[in-house]
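Written below as structure tokens is the structure these notes are about.
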Amino acid sequence: YYLAGGTTVRRYTYREMLLLIRAAFAQNRSELEAMKPLLGADVLIIDDLAACKTTEFAMDVVLHVIDCRIEYCKPTIITTNLSVDDIQRDFGDRLKSRLKTFRRLHVGGRDKRGTTNQG
């Protein structure tokens with residue numbers, strides 16, 4: 001839908017998003033410069049939130065990206081296997097409260113890797 005309308009859509013896995021910003025350090029670029037694709041996209045998709053270890057750096061990055069996108073009313077889609085309680089445990093109350101403004105969709109079905117059934 002968004003792409004057909006000429007909208008800029010960027011999709012990053014949670015891990016890719018963090019690696020993109022960490023790479024800025026090696027290239028002597030600022031974090032904000034590295035975040036431009038995340039912040040500037042008309043629509044941002046963050047896939048598989050918390051698929052890797054959650055560090056203080058990761059929490060700061062996610063919170064900053066979400067804050068900026070909410071402030072500028074830019075659509076953001078986040079996929080995760082985490083429950084709301086897991087998000088609070090791993091990322092804290094601040095992210096949980098921001099995500100309350102998001103529409104939640106539960107998608108069930110068979111795991112694409114064929115290992116389990118999701119309810």
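Letters for chains follow the order of the structure tokens (A, B, ...), residue numbers begin at 1 for each chain, and ligand numbers begin at 1 in the order shown.
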Identify, on the basis of only C-alpha atoms, every residue whose closest approach to Lys36 of chain A does not exceed 12 Å; exclude the query and any residue fewer than 2 positions from it along the same chain; express the result as a ChimeraX atom specification.
/A:10,17,20-21,24,29-34,38-42,44,64-65,68-69
With only C-alpha atoms as the counted atoms, please give the residues lying no more than 8 Å from Tyr2 of chain A, apart from itself and same-chain residues fewer than 6 positions off, as an mmCIF file with N, CA and C atoms, in the first residue's frame.
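The result, written out as around-v1.cif:
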data_model
loop_
_atom_site.group_PDB
_atom_site.id
_atom_site.type_symbol
_atom_site.label_atom_id
_atom_site.label_comp_id
_atom_site.auth_asym_id
_atom_site.auth_seq_id
_atom_site.Cartn_x
_atom_site.Cartn_y
_atom_site.Cartn_z
ATOM 1 N N THR A 8 8.337 6.386 0.962
ATOM 2 C CA THR A 8 9.614 5.774 1.313
ATOM 3 C C THR A 8 9.410 4.839 2.491
ATOM 4 N N VAL A 9 9.661 3.556 2.267
ATOM 5 C CA VAL A 9 9.529 2.554 3.320
ATOM 6 C C VAL A 9 10.900 1.935 3.542
ATOM 7 N N VAL A 43 7.834 5.623 6.263
ATOM 8 C CA VAL A 43 7.367 4.479 7.057
ATOM 9 C C VAL A 43 8.600 3.657 7.432
#
Which parts of chain A does DSSP call strand (DSSP E or B) when run on the backbone here, written out as a PyMOL selection string?
chain A and resi 9-13+43-47+76-78+109-110+117-118
Extract, using only C-alpha atoms, all DNA, RNA and protein residues at most 7 Å from segment 51-53 of chain A, discarding same-chain residues fewer than 3 positions from it, and format them as a PDB file with N, CA, C and O atoms, in the first residue's frame.
ATOM      1  N   TYR A  14      15.903  -5.598  13.937  1.00  0.00           N
ATOM      2  CA  TYR A  14      16.398  -4.954  15.147  1.00  0.00           C
ATOM      3  C   TYR A  14      17.928  -4.985  15.159  1.00  0.00           C
ATOM      4  O   TYR A  14      18.585  -3.976  15.399  1.00  0.00           O
ATOM      5  N   ARG A  15      18.481  -6.134  14.858  1.00  0.00           N
ATOM      6  CA  ARG A  15      19.951  -6.285  14.832  1.00  0.00           C
ATOM      7  C   ARG A  15      20.577  -5.381  13.777  1.00  0.00           C
ATOM      8  O   ARG A  15      21.579  -4.712  14.040  1.00  0.00           O
ATOM      9  N   ASP A  48      11.434  -7.899  14.271  1.00  0.00           N
ATOM     10  CA  ASP A  48      11.970  -8.818  15.284  1.00  0.00           C
ATOM     11  C   ASP A  48      12.643  -8.081  16.437  1.00  0.00           C
ATOM     12  O   ASP A  48      13.779  -8.374  16.806  1.00  0.00           O
TER      13      ASP A  48
END
List as a PDB file with N, CA and C atoms, in the first residue's frame the protein and nucleic acid residues near Lys96 of chain A, meaning an atom at most 10 Å away when only C-alpha atoms are counted, but skip any in the same chain fewer than 6 places from it.
ATOM      1  N   LEU A  63      14.469   3.754  21.912  1.00  0.00           N
ATOM      2  CA  LEU A  63      13.657   4.816  22.506  1.00  0.00           C
ATOM      3  C   LEU A  63      13.781   6.116  21.710  1.00  0.00           C
ATOM      4  N   VAL A  84       3.754  -7.650  26.019  1.00  0.00           N
ATOM      5  CA  VAL A  84       3.890  -6.304  26.574  1.00  0.00           C
ATOM      6  C   VAL A  84       4.724  -6.351  27.853  1.00  0.00           C
ATOM      7  N   ASP A  85       4.510  -7.363  28.672  1.00  0.00           N
ATOM      8  CA  ASP A  85       5.296  -7.504  29.908  1.00  0.00           C
ATOM      9  C   ASP A  85       6.774  -7.748  29.610  1.00  0.00           C
ATOM     10  N   ASP A  86       7.061  -8.528  28.560  1.00  0.00           N
ATOM     11  CA  ASP A  86       8.453  -8.771  28.165  1.00  0.00           C
ATOM     12  C   ASP A  86       9.115  -7.477  27.687  1.00  0.00           C
ATOM     13  N   ILE A  87       8.372  -6.665  26.954  1.00  0.00           N
ATOM     14  CA  ILE A  87       8.913  -5.382  26.491  1.00  0.00           C
ATOM     15  C   ILE A  87       9.242  -4.505  27.690  1.00  0.00           C
ATOM     16  N   GLN A  88       8.345  -4.484  28.661  1.00  0.00           N
ATOM     17  CA  GLN A  88       8.604  -3.689  29.865  1.00  0.00           C
ATOM     18  C   GLN A  88       9.845  -4.217  30.588  1.00  0.00           C
ATOM     19  N   ARG A  89       9.963  -5.524  30.717  1.00  0.00           N
ATOM     20  CA  ARG A  89      11.109  -6.124  31.397  1.00  0.00           C
ATOM     21  C   ARG A  89      12.416  -5.819  30.669  1.00  0.00           C
ATOM     22  N   ASP A  90      12.419  -5.955  29.334  1.00  0.00           N
ATOM     23  CA  ASP A  90      13.651  -5.804  28.558  1.00  0.00           C
ATOM     24  C   ASP A  90      13.998  -4.356  28.238  1.00  0.00           C
TER      25      ASP A  90
END
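Every protein, DNA or RNA residue with an atom at most 12 Å from Leu105 of chain A, where only C-alpha atoms count and chain neighbours fewer than 2 positions away do not, is listed here: Ile77, Ile78, Thr79, Thr80, Asn81, Ser83, Phe102, Arg103, Val107 and Gly108 of chain A.
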Could you save those same residues with C-alpha atoms as a PDB file, in the first residue's frame?
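Final file, result_18.pdb:
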ATOM      1  CA  ILE A  77       5.664  -0.874  12.331  1.00  0.00           C
ATOM      2  CA  ILE A  78       7.348  -3.100  14.888  1.00  0.00           C
ATOM      3  CA  THR A  79       7.239  -6.880  14.848  1.00  0.00           C
ATOM      4  CA  THR A  80       8.176  -8.918  17.900  1.00  0.00           C
ATOM      5  CA  ASN A  81       7.513 -12.184  19.654  1.00  0.00           C
ATOM      6  CA  SER A  83       4.572  -9.755  25.157  1.00  0.00           C
ATOM      7  CA  PHE A 102       0.550   1.825  18.762  1.00  0.00           C
ATOM      8  CA  ARG A 103      -2.141  -0.443  17.385  1.00  0.00           C
ATOM      9  CA  VAL A 107      -0.691 -12.740  14.268  1.00  0.00           C
ATOM     10  CA  GLY A 108      -0.933 -16.440  14.936  1.00  0.00           C
TER      11      GLY A 108
END
Tell me which of A:Pro75, A:Thr13, A:Leu19, A:Ser97 sits closest to Leu49 of chain A, counting only C-alpha atoms.
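For Leu49 of chain A, the nearest of the given residues is A:Thr13.
Interatomic distance, atom CA of Tyr72 of chain A to atom CA of Gln27 of chain A: 28.0 Å.
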